[in-house]
$ cat data_7.tsv   # TSV, C-alpha atoms
chain	number	residue	atom	x	y	z
A	58	MET	CA	7.64	-96.50	-13.30
A	59	ARG	CA	9.54	-98.50	-10.69
A	60	ASP	CA	13.27	-99.11	-11.04
A	61	GLY	CA	14.00	-102.32	-12.89
A	62	MET	CA	10.58	-102.34	-14.53
A	63	ILE	CA	10.40	-103.07	-18.27
A	64	PHE	CA	7.34	-101.43	-19.77
A	65	THR	CA	6.16	-102.35	-23.27
A	66	SER	CA	3.96	-100.47	-25.72
A	67	GLU	CA	2.82	-101.35	-29.22
A	68	SER	CA	1.90	-99.59	-32.44
A	69	VAL	CA	0.53	-100.83	-35.76
A	70	THR	CA	0.75	-99.88	-39.42
A	71	PRO	CA	-2.14	-98.32	-41.40
A	72	GLY	CA	-2.97	-101.75	-42.82
A	73	HIS	CA	-3.75	-103.32	-39.46
A	74	PRO	CA	-7.50	-104.19	-39.52
A	75	ASP	CA	-8.35	-102.13	-36.43
A	76	LYS	CA	-6.49	-99.09	-37.73
A	77	LEU	CA	-8.06	-99.57	-41.14
A	78	CYS	CA	-11.45	-99.21	-39.44
A	79	ASP	CA	-10.32	-96.13	-37.51
A	80	ARG	CA	-9.11	-94.50	-40.72
A	81	ILE	CA	-12.35	-95.23	-42.57
A	82	SER	CA	-14.38	-93.84	-39.66
A	83	ASP	CA	-12.32	-90.66	-39.39
A	84	ALA	CA	-12.24	-90.18	-43.15
A	85	ALA	CA	-16.04	-90.23	-43.06
A	86	VAL	CA	-16.13	-87.65	-40.25
A	87	ASP	CA	-13.77	-85.44	-42.29
A	88	ALA	CA	-15.99	-85.81	-45.35
A	89	PHE	CA	-19.12	-84.74	-43.47
A	90	LEU	CA	-17.37	-81.74	-41.90
A	91	GLN	CA	-15.82	-80.60	-45.17
A	92	GLN	CA	-19.29	-80.36	-46.70
A	93	ASP	CA	-21.03	-79.03	-43.59
A	94	ALA	CA	-19.12	-77.38	-40.74
A	95	ARG	CA	-22.14	-77.94	-38.49
A	96	ALA	CA	-22.29	-81.68	-39.15
A	97	ARG	CA	-22.66	-84.17	-36.36
A	98	ALA	CA	-21.65	-87.72	-37.13
A	99	VAL	CA	-20.73	-90.99	-35.46
A	100	VAL	CA	-19.29	-93.54	-37.86
A	101	GLU	CA	-18.24	-97.05	-36.86
A	102	CYS	CA	-16.63	-99.67	-39.05
A	103	ALA	CA	-15.84	-103.39	-38.95
A	104	VAL	CA	-13.83	-105.45	-41.42
A	105	ALA	CA	-13.38	-109.18	-41.92
A	106	THR	CA	-12.56	-111.51	-44.80
A	107	GLY	CA	-13.81	-109.76	-47.91
A	108	ILE	CA	-16.35	-107.64	-46.01
A	109	VAL	CA	-16.54	-104.06	-44.73
A	110	PHE	CA	-19.47	-102.92	-42.58
A	111	ILE	CA	-20.05	-99.20	-41.97
A	112	ALA	CA	-22.65	-97.83	-39.55
A	113	ALA	CA	-23.19	-94.08	-39.76
A	114	ARG	CA	-25.52	-91.90	-37.73
A	115	PHE	CA	-25.39	-88.26	-38.75
A	116	ALA	CA	-27.09	-84.90	-39.07
A	117	ALA	CA	-25.55	-82.97	-41.94
A	118	GLU	CA	-26.31	-81.09	-45.09
A	119	ALA	CA	-23.92	-83.34	-46.98
A	120	ALA	CA	-23.85	-86.23	-49.40
A	121	VAL	CA	-21.01	-88.63	-48.58
A	122	ASP	CA	-20.44	-91.75	-50.68
A	123	LEU	CA	-19.29	-93.99	-47.84
A	124	PRO	CA	-18.51	-97.11	-49.94
A	125	SER	CA	-16.31	-95.15	-52.37
A	126	LEU	CA	-14.59	-93.39	-49.49
A	127	ALA	CA	-13.90	-96.72	-47.77
A	128	ARG	CA	-12.45	-98.22	-50.94
A	129	ARG	CA	-10.05	-95.27	-51.27
A	130	VAL	CA	-8.83	-95.65	-47.70
A	131	ILE	CA	-8.39	-99.41	-48.11
A	132	ALA	CA	-6.44	-98.94	-51.35
A	133	GLU	CA	-4.20	-96.30	-49.73
A	134	ALA	CA	-3.36	-98.81	-47.01
A	135	GLY	CA	-2.08	-101.19	-49.68
A	136	TYR	CA	-4.91	-103.67	-50.08
A	137	VAL	CA	-5.07	-103.98	-53.85
A	138	GLY	CA	-4.45	-107.44	-55.25
A	139	GLU	CA	-4.04	-110.72	-53.44
A	140	GLY	CA	-6.26	-111.40	-50.43
A	141	PHE	CA	-8.36	-108.49	-49.16
A	142	ASP	CA	-8.87	-106.13	-52.13
A	143	ALA	CA	-10.25	-102.58	-52.08
A	144	ARG	CA	-11.77	-103.10	-55.53
A	145	THR	CA	-13.70	-106.30	-54.84
A	146	CYS	CA	-14.51	-106.41	-51.11
A	147	SER	CA	-18.19	-106.26	-50.22
A	148	ILE	CA	-19.24	-103.08	-48.43
A	149	LEU	CA	-22.40	-103.02	-46.33
A	150	THR	CA	-23.78	-99.82	-44.84
A	151	SER	CA	-26.31	-98.94	-42.17
A	152	ILE	CA	-27.31	-95.29	-42.47
A	153	SER	CA	-29.32	-93.29	-39.94
A	154	GLU	CA	-29.84	-89.68	-40.99
A	155	LEU	CA	-31.09	-87.33	-38.30
A	156	PRO	CA	-33.12	-84.13	-38.90
A	157	ALA	CA	-31.20	-81.00	-39.85
A	158	ALA	CA	-32.20	-79.47	-36.51
A	159	ALA	CA	-29.83	-81.92	-34.82
A	160	ARG	CA	-26.78	-80.28	-36.43
A	161	ALA	CA	-24.31	-78.41	-34.26
A	162	PRO	CA	-24.89	-74.70	-33.54
A	163	HIS	CA	-23.25	-72.04	-35.69
A	164	GLU	CA	-19.74	-70.97	-34.71
A	165	ALA	CA	-21.12	-67.61	-33.58
A	166	ALA	CA	-23.33	-69.32	-30.99
A	167	ARG	CA	-20.24	-70.69	-29.27
A	168	ASP	CA	-19.08	-67.15	-28.62
A	169	GLU	CA	-22.07	-66.37	-26.43
A	170	GLU	CA	-21.60	-67.30	-22.78
A	171	HIS	CA	-25.16	-68.49	-22.28
A	172	GLU	CA	-24.89	-70.69	-25.37
A	173	VAL	CA	-21.61	-72.21	-24.19
A	174	GLU	CA	-23.20	-73.02	-20.85
A	175	ALA	CA	-26.30	-74.45	-22.52
A	176	LEU	CA	-24.36	-76.92	-24.68
A	177	SER	CA	-23.97	-79.72	-22.16
A	178	ALA	CA	-22.26	-83.08	-22.42
A	179	THR	CA	-24.49	-85.65	-24.09
A	180	GLU	CA	-22.46	-88.63	-22.89
A	181	GLN	CA	-21.12	-89.79	-19.56
A	182	ALA	CA	-17.34	-89.69	-19.77
A	183	ASN	CA	-14.21	-90.05	-17.69
A	184	VAL	CA	-11.36	-88.76	-19.84
A	185	PHE	CA	-7.67	-88.69	-19.01
A	186	GLY	CA	-4.76	-86.67	-20.29
A	187	TYR	CA	-1.15	-87.56	-19.56
A	188	ALA	CA	2.30	-86.09	-20.07
A	189	THR	CA	5.79	-87.08	-18.99
A	190	ASP	CA	9.15	-85.39	-19.47
A	191	GLU	CA	10.90	-88.57	-20.60
A	192	THR	CA	10.67	-87.54	-24.28
A	193	ALA	CA	10.71	-84.25	-26.19
A	194	THR	CA	7.02	-84.61	-27.08
A	195	LEU	CA	6.20	-85.25	-23.40
A	196	MET	CA	4.94	-88.73	-24.30
A	197	PRO	CA	5.94	-92.12	-22.83
A	198	ALA	CA	9.17	-93.45	-24.36
A	199	PRO	CA	7.92	-96.99	-25.15
A	200	LEU	CA	5.05	-95.65	-27.26
A	201	VAL	CA	7.21	-93.06	-29.03
A	202	ILE	CA	9.65	-95.79	-30.06
A	203	ALA	CA	6.86	-98.17	-31.11
A	204	HIS	CA	5.36	-95.45	-33.34
A	205	ARG	CA	8.75	-94.76	-34.92
A	206	LEU	CA	9.14	-98.44	-35.71
A	207	ALA	CA	5.62	-98.65	-37.17
A	208	ARG	CA	6.27	-95.68	-39.47
A	209	ALA	CA	9.52	-97.21	-40.64
A	210	LEU	CA	7.87	-100.60	-41.17
A	211	ASP	CA	5.17	-99.14	-43.37
A	212	ALA	CA	7.73	-97.08	-45.32
A	213	ALA	CA	9.87	-100.19	-45.89
A	214	ARG	CA	7.15	-101.68	-48.10
A	215	GLY	CA	8.55	-99.50	-50.88
A	216	ASN	CA	11.85	-101.42	-50.78
A	217	LEU	CA	10.58	-104.81	-49.61
A	218	PRO	CA	7.76	-105.81	-51.98
A	219	TRP	CA	7.06	-108.98	-50.02
A	220	LEU	CA	5.88	-106.97	-47.00
A	221	ALA	CA	2.08	-106.95	-46.66
A	222	PRO	CA	0.27	-103.86	-45.28
A	223	ASP	CA	-0.49	-105.42	-41.87
A	224	GLY	CA	2.23	-105.00	-39.26
A	225	LYS	CA	2.72	-104.54	-35.53
A	226	THR	CA	5.65	-103.16	-33.56
A	227	GLN	CA	6.54	-103.28	-29.88
A	228	ALA	CA	9.16	-101.56	-27.75
A	229	GLY	CA	10.24	-102.62	-24.27
A	230	VAL	CA	11.89	-99.90	-22.17
A	231	LEU	CA	13.83	-100.47	-18.95
A	232	TYR	CA	13.26	-97.86	-16.22
A	233	GLY	CA	15.78	-96.83	-13.60
A	234	GLY	CA	16.13	-93.82	-11.35
A	235	GLY	CA	12.60	-92.84	-12.26
A	236	ARG	CA	13.50	-92.44	-15.92
A	237	ALA	CA	13.61	-94.40	-19.16
A	238	ALA	CA	17.08	-95.90	-18.92
A	239	GLY	CA	17.46	-98.26	-21.87
A	240	LEU	CA	15.87	-100.08	-24.77
A	241	SER	CA	15.37	-103.64	-23.62
A	242	SER	CA	13.61	-105.16	-26.61
A	243	VAL	CA	12.12	-104.52	-30.03
A	244	ALA	CA	9.56	-106.80	-31.66
A	245	LEU	CA	8.10	-106.76	-35.16
A	246	THR	CA	5.18	-108.89	-36.30
A	247	VAL	CA	4.87	-108.55	-40.06
A	248	ALA	CA	2.53	-110.10	-42.58
A	249	THR	CA	4.25	-111.28	-45.75
A	250	LEU	CA	3.31	-111.94	-49.35
A	251	PRO	CA	4.48	-114.76	-51.61
A	252	GLY	CA	8.18	-114.42	-52.35
A	253	ALA	CA	9.19	-113.44	-48.81
A	254	PRO	CA	12.61	-114.74	-47.69
A	255	ARG	CA	13.01	-117.38	-45.03
A	256	ALA	CA	12.97	-116.45	-41.36
A	257	GLY	CA	16.66	-115.62	-40.96
A	258	ALA	CA	16.93	-113.49	-44.09
A	259	LEU	CA	13.58	-111.83	-43.32
A	260	ALA	CA	14.75	-110.83	-39.85
A	261	ALA	CA	18.04	-109.50	-41.22
A	262	ALA	CA	16.26	-107.44	-43.88
A	263	LEU	CA	13.86	-105.89	-41.36
A	264	ARG	CA	16.68	-105.10	-38.96
A	265	GLU	CA	18.54	-103.27	-41.73
A	266	GLN	CA	15.52	-101.59	-43.38
A	267	VAL	CA	13.34	-100.86	-40.35
A	268	VAL	CA	14.89	-101.17	-36.90
A	269	VAL	CA	18.28	-99.54	-37.44
A	270	PRO	CA	17.05	-96.49	-39.40
A	271	ALA	CA	14.06	-95.96	-37.09
A	272	LEU	CA	16.25	-95.86	-34.00
A	273	ALA	CA	19.33	-94.17	-35.45
A	274	ASP	CA	18.66	-90.91	-33.59
A	275	ALA	CA	16.24	-92.18	-30.97
A	276	LEU	CA	16.35	-91.16	-27.33
A	277	LEU	CA	17.07	-94.79	-26.44
A	278	PRO	CA	19.31	-96.30	-29.15
A	279	LEU	CA	19.94	-99.95	-29.91
A	280	THR	CA	22.63	-101.59	-27.81
A	281	PRO	CA	24.22	-105.06	-27.94
A	282	ARG	CA	21.84	-106.03	-25.13
A	283	THR	CA	18.67	-104.99	-26.97
A	284	GLU	CA	16.73	-108.08	-28.01
A	285	ILE	CA	15.20	-107.95	-31.48
A	286	HIS	CA	12.36	-110.33	-32.31
A	287	VAL	CA	10.79	-110.72	-35.75
A	288	ASN	CA	7.66	-112.85	-36.11
A	289	ALA	CA	8.49	-114.59	-32.87
A	290	GLY	CA	5.10	-116.30	-32.98
A	291	GLY	CA	5.91	-117.97	-36.29
A	292	PRO	CA	5.21	-117.16	-39.97
A	293	PHE	CA	2.46	-114.62	-40.56
A	294	ALA	CA	1.26	-115.01	-44.14
A	295	ILE	CA	-1.01	-112.43	-45.83
A	296	GLY	CA	-2.47	-110.88	-42.65
A	297	GLY	CA	-5.01	-108.05	-42.67
A	298	PRO	CA	-8.78	-108.60	-42.68
A	299	SER	CA	-8.25	-111.91	-44.48
A	300	ARG	CA	-6.67	-113.20	-41.28
A	301	HIS	CA	-8.22	-111.26	-38.41
A	302	ALA	CA	-11.19	-108.92	-38.04
A	303	GLY	CA	-10.98	-105.23	-37.25
A	304	LEU	CA	-13.16	-102.74	-35.38
A	305	THR	CA	-13.22	-98.98	-34.85
A	306	GLY	CA	-11.90	-97.91	-31.45
A	307	ARG	CA	-10.19	-101.13	-30.44
A	308	LYS	CA	-6.67	-99.65	-30.18
A	309	ASN	CA	-7.14	-96.98	-27.51
A	310	GLY	CA	-3.74	-97.67	-25.98
A	311	ILE	CA	-2.06	-96.92	-29.31
A	312	ASP	CA	-4.24	-93.83	-29.77
A	313	THR	CA	-3.32	-92.41	-26.37
A	314	TYR	CA	-0.39	-93.35	-24.10
A	315	GLY	CA	0.60	-96.93	-24.85
A	316	GLU	CA	-1.09	-98.03	-21.60
A	317	ALA	CA	1.43	-96.05	-19.54
A	318	ALA	CA	-1.50	-94.00	-18.23
A	319	ARG	CA	-5.25	-94.39	-17.84
A	320	GLN	CA	-7.46	-93.96	-20.86
A	321	SER	CA	-11.18	-93.74	-21.46
A	322	GLY	CA	-12.96	-96.87	-22.60
A	323	ALA	CA	-14.59	-94.90	-25.41
A	324	ALA	CA	-13.25	-94.81	-28.96
A	325	LEU	CA	-11.67	-91.58	-30.18
A	326	SER	CA	-12.06	-92.19	-33.92
A	327	GLY	CA	-15.33	-91.88	-35.82
A	328	LYS	CA	-16.78	-88.98	-33.78
A	329	ASP	CA	-17.36	-85.35	-34.67
A	330	PRO	CA	-16.11	-82.50	-32.43
A	331	SER	CA	-19.32	-82.32	-30.42
A	332	ARG	CA	-18.50	-85.61	-28.67
A	333	ILE	CA	-16.98	-84.93	-25.27
A	334	ASP	CA	-15.46	-88.42	-25.07
A	335	ARG	CA	-13.24	-87.38	-27.98
A	336	ILE	CA	-12.52	-83.69	-27.51
A	337	GLY	CA	-12.43	-84.05	-23.72
A	338	ALA	CA	-9.50	-86.45	-24.11
A	339	TYR	CA	-7.72	-83.85	-26.23
A	340	ALA	CA	-8.42	-81.12	-23.67
A	341	ALA	CA	-7.11	-83.28	-20.83
A	342	ARG	CA	-3.90	-84.03	-22.76
A	343	HIS	CA	-3.49	-80.31	-23.46
A	344	ALA	CA	-3.77	-79.47	-19.78
A	345	ALA	CA	-1.43	-82.27	-18.65
A	346	LYS	CA	1.18	-81.29	-21.23
A	347	CYS	CA	1.06	-77.66	-20.11
A	348	VAL	CA	1.53	-78.71	-16.48
A	349	VAL	CA	4.72	-80.59	-17.36
A	350	ALA	CA	5.90	-77.87	-19.76
A	351	ALA	CA	5.43	-75.35	-16.94
A	352	GLY	CA	7.80	-77.34	-14.75
A	353	LEU	CA	5.15	-78.06	-12.13
A	354	ALA	CA	5.69	-81.82	-12.36
A	355	ARG	CA	7.73	-84.38	-14.31
A	356	ARG	CA	4.65	-86.54	-14.86
A	357	CYS	CA	1.02	-85.45	-14.83
A	358	GLU	CA	-2.35	-87.08	-15.39
A	359	VAL	CA	-5.43	-84.86	-15.66
A	360	HIS	CA	-8.86	-86.42	-15.13
A	361	LEU	CA	-12.08	-84.80	-16.31
A	362	GLY	CA	-15.40	-86.30	-15.28
A	363	TYR	CA	-18.56	-85.46	-17.26
A	364	VAL	CA	-22.20	-86.30	-16.64
A	365	ILE	CA	-25.04	-86.06	-19.12
A	366	GLY	CA	-26.83	-82.72	-19.03
A	367	HIS	CA	-23.97	-80.71	-17.49
A	368	ALA	CA	-21.63	-78.47	-19.46
A	369	ARG	CA	-18.93	-78.22	-16.81
A	370	PRO	CA	-17.02	-81.31	-15.72
A	371	VAL	CA	-18.04	-82.45	-12.28
A	372	SER	CA	-14.42	-83.29	-11.54
A	373	VAL	CA	-11.07	-81.81	-12.48
A	374	ALA	CA	-8.37	-83.85	-10.77
A	375	VAL	CA	-4.59	-84.07	-11.10
A	376	GLU	CA	-2.21	-86.93	-10.26
A	377	CYS	CA	1.54	-86.27	-10.50
A	378	PHE	CA	2.89	-89.57	-9.14
A	379	GLY	CA	5.15	-87.94	-6.57
A	380	SER	CA	6.83	-85.68	-9.13
A	381	ALA	CA	5.04	-82.39	-8.37
A	382	VAL	CA	6.98	-79.38	-7.10
A	383	VAL	CA	3.82	-77.79	-5.67
A	384	ALA	CA	0.78	-79.42	-4.11
A	385	GLU	CA	-1.38	-81.38	-6.52
A	386	GLN	CA	-4.48	-79.61	-5.21
A	387	GLU	CA	-2.89	-76.30	-6.19
A	388	ILE	CA	-2.03	-77.61	-9.66
A	389	ALA	CA	-5.63	-78.81	-10.08
A	390	ARG	CA	-6.89	-75.39	-9.00
A	391	ARG	CA	-4.65	-73.66	-11.55
A	392	VAL	CA	-5.71	-76.07	-14.30
A	393	ALA	CA	-9.40	-75.47	-13.59
A	394	ALA	CA	-8.86	-71.71	-13.53
A	395	THR	CA	-6.83	-71.65	-16.76
A	396	PHE	CA	-8.74	-74.03	-19.04
A	397	ASP	CA	-12.43	-73.98	-19.89
A	398	PHE	CA	-13.44	-77.63	-20.17
A	399	ARG	CA	-17.03	-77.11	-21.26
A	400	PRO	CA	-17.68	-78.94	-24.56
A	401	ALA	CA	-18.53	-75.80	-26.55
A	402	ALA	CA	-15.51	-73.98	-25.10
A	403	ILE	CA	-13.18	-76.82	-26.11
A	404	GLU	CA	-14.63	-76.76	-29.63
A	405	ARG	CA	-14.10	-73.01	-29.77
A	406	ARG	CA	-10.54	-73.14	-28.42
A	407	PHE	CA	-9.37	-75.91	-30.73
A	408	ALA	CA	-11.46	-74.77	-33.75
A	409	LEU	CA	-11.74	-78.39	-34.89
A	410	ARG	CA	-14.57	-77.80	-37.35
A	411	SER	CA	-12.68	-75.00	-39.06
A	412	ARG	CA	-9.52	-77.10	-39.15
A	413	ALA	CA	-11.40	-80.01	-40.69
A	414	GLN	CA	-12.78	-77.76	-43.42
A	415	ALA	CA	-9.35	-76.29	-44.17
A	416	ALA	CA	-7.52	-79.62	-44.22
A	417	GLY	CA	-8.42	-80.51	-47.80
A	418	ALA	CA	-8.33	-84.01	-49.24
A	419	ALA	CA	-5.90	-85.34	-46.63
A	420	GLY	CA	-8.42	-84.59	-43.88
A	421	PHE	CA	-7.84	-83.42	-40.33
A	422	PHE	CA	-9.01	-86.44	-38.35
A	423	ARG	CA	-7.92	-89.26	-40.67
A	424	PRO	CA	-4.15	-88.69	-40.12
A	425	LEU	CA	-4.81	-88.98	-36.37
A	426	ALA	CA	-6.21	-92.48	-36.79
A	427	VAL	CA	-2.75	-94.05	-37.09
A	428	TYR	CA	0.48	-93.50	-35.08
A	429	GLY	CA	-1.42	-92.02	-32.15
A	430	GLN	CA	-3.73	-89.09	-31.50
A	431	MET	CA	-1.56	-87.63	-28.74
A	432	GLY	CA	1.98	-86.35	-29.11
A	433	ARG	CA	1.35	-85.50	-32.77
A	434	GLU	CA	3.54	-82.45	-33.15
A	435	ASP	CA	4.03	-83.49	-36.80
A	436	LEU	CA	0.40	-82.53	-37.44
A	437	ALA	CA	0.38	-79.24	-35.49
A	438	VAL	CA	-2.76	-80.20	-33.58
A	439	PRO	CA	-3.88	-77.61	-31.01
A	440	TRP	CA	-3.84	-79.88	-27.96
A	441	GLU	CA	-0.06	-80.25	-28.31
A	442	GLU	CA	0.58	-76.52	-27.96
A	443	THR	CA	1.98	-75.32	-24.62
A	444	GLY	CA	1.35	-71.59	-24.71
A	445	GLU	CA	-0.84	-71.80	-21.62
A	446	ALA	CA	2.03	-73.26	-19.57
A	447	ALA	CA	3.07	-69.73	-18.60
A	448	LEU	CA	-0.37	-69.14	-17.08
A	449	LEU	CA	0.05	-72.15	-14.78
A	450	ARG	CA	3.34	-71.05	-13.19
$ encode --input "data_7.tsv" --output "structure tokens"
Amino acid sequence: MRDGMIFTSESVTPGHPDKLCDRISDAAVDAFLQQDARARAVVECAVATGIVFIAARFAAEAAVDLPSLARRVIAEAGYVGEGFDARTCSILTSISELPAAARAPHEAARDEEHEVEALSATEQANVFGYATDETATLMPAPLVIAHRLARALDAARGNLPWLAPDGKTQAGVLYGGGRAAGLSSVALTVATLPGAPRAGALAAALREQVVVPALADALLPLTPRTEIHVNAGGPFAIGGPSRHAGLTGRKNGIDTYGEAARQSGAALSGKDPSRIDRIGAYAARHAAKCVVAAGLARRCEVHLGYVIGHARPVSVAVECFGSAVVAEQEIARRVAATFDFRPAAIERRFALRSRAQAAGAAGFFRPLAVYGQMGREDLAVPWEETGEAALLR
């Protein structure tokens, strides 16, 4: 980031329509994998006023009640009662069940070298992983702050009954000397229910219940110069699918790096671990984080390019934005030598199918569908581990 630049990133609460769709899609993937570790599934969702549409294409020895699952996720987000209601919304499904032969290979098959090489990418994909030393999780500061605010906003619904489930947060960070230097602005856009206070009292309550506690121990604290905006666009009554439609995969910036780095155009949510456009993004993040953790660069972006029919990426490239302590070509060589980026090898290394089966009712993928899929050290996901950093030095 250039000196004097203010970079903004956003996050949303679980009740935001797009995130609601992501959570339904990932809950469905979890459900298929919990019943059948070899399941393959792509599940997409759309919501609008009173309507949920789910399209699922899968190969699995499983029986998943998608409408009931969707209603549970919607209710957990807080949509029970006025407006969009988990109990009464119409749910439409489009189901395409593939033959059992289309299921993923057994785990044992991914231990055989010839099988790993034979399991090629089935989609074209350019995936990117990014890491920066400006925060402890090696994630961009604006996104980390936006996620903290979104968590606090959702939690505040317990004390502020007039807060609706749908909310958005934004953090603006000033950069100087090549680092995040200060918190320039905070913005909250919140949907409200009947009984909400007027604008001034609403803003004061959210500052006290959300902004101050969320940033009490943040890397970049509030200062007298930090601007705080609450519903700057005007009143936002009810919100959610009753106000604006949602779609799986629309919030890629929130899922990845808050637009501080490149991201694939493909959705992450709603896809099983055989999809390289999902697990490849995790593998690229893992490699980039290890590069920064190894001290080879302060910022690192790893690009993996896949073509249909090839197991190995046709490109492994590294961009360190002038922060590398050794040549970028050498870092790229070490990354390619250390990490196996073939789809079956990524599945084996991260053991995502086994993790999904062991996760229980909470699911493995569903928690990733809100507050970002990268930087999630709270969930102990394997792509956030940095054990391989020592191999890169």
$ closest_residue --input "data_7.tsv" --among "A:Asp190, A:Glu284, A:Glu101, A:Glu139" --to "Asp329 of chain A" --atoms "only C-alpha atoms"
A:Glu101
$ residues_near_point --input "data_7.tsv" --point "(-19.3, -104.2, -48.2)" --cutoff "7 Å" --atoms "all atoms listed in the file" --output "ChimeraX atom specification"
/A:108-110,146-149
$ atom_distance --input "data_7.tsv" --atom1 "atom CA of Val269 of chain A" --atom2 "atom CA of Thr226 of chain A"
13.7 Å
$ closest_residue --input "data_7.tsv" --among "A:Thr194, A:Thr443, A:Ser380, A:Gln227" --to "Ala351 of chain A" --atoms "only C-alpha atoms"
A:Thr443
$ residues_around --input "data_7.tsv" --residues "segment 113-127 of chain A" --least-positions-apart "4" --cutoff "10 Å" --atoms "all atoms listed in the file" --output "PyMOL selection string"
chain A and resi 77-78+80-82+84-86+88-102+109+131-133+143-144+147-161+327-329
$ decode --input "data_7.tsv" --residues "segment 257-268 of chain A" --atoms "C-alpha atoms" --output "compact mmCIF listing (two decimals), in the first residue's frame"
# COMPACT_ATOMS: atom_id res chain seq x y z
CA GLY A 257 -28.61 9.67 17.31
CA ALA A 258 -29.46 7.21 20.07
CA LEU A 259 -29.00 4.27 17.67
CA ALA A 260 -25.51 5.45 16.74
CA ALA A 261 -24.59 5.97 20.40
CA ALA A 262 -25.82 2.49 21.36
CA LEU A 263 -23.85 0.82 18.56
CA ARG A 264 -20.72 2.75 19.42
CA GLU A 265 -20.97 1.57 23.03
CA GLN A 266 -22.12 -2.01 22.35
CA VAL A 267 -20.21 -2.79 19.15
CA VAL A 268 -17.42 -0.45 18.10
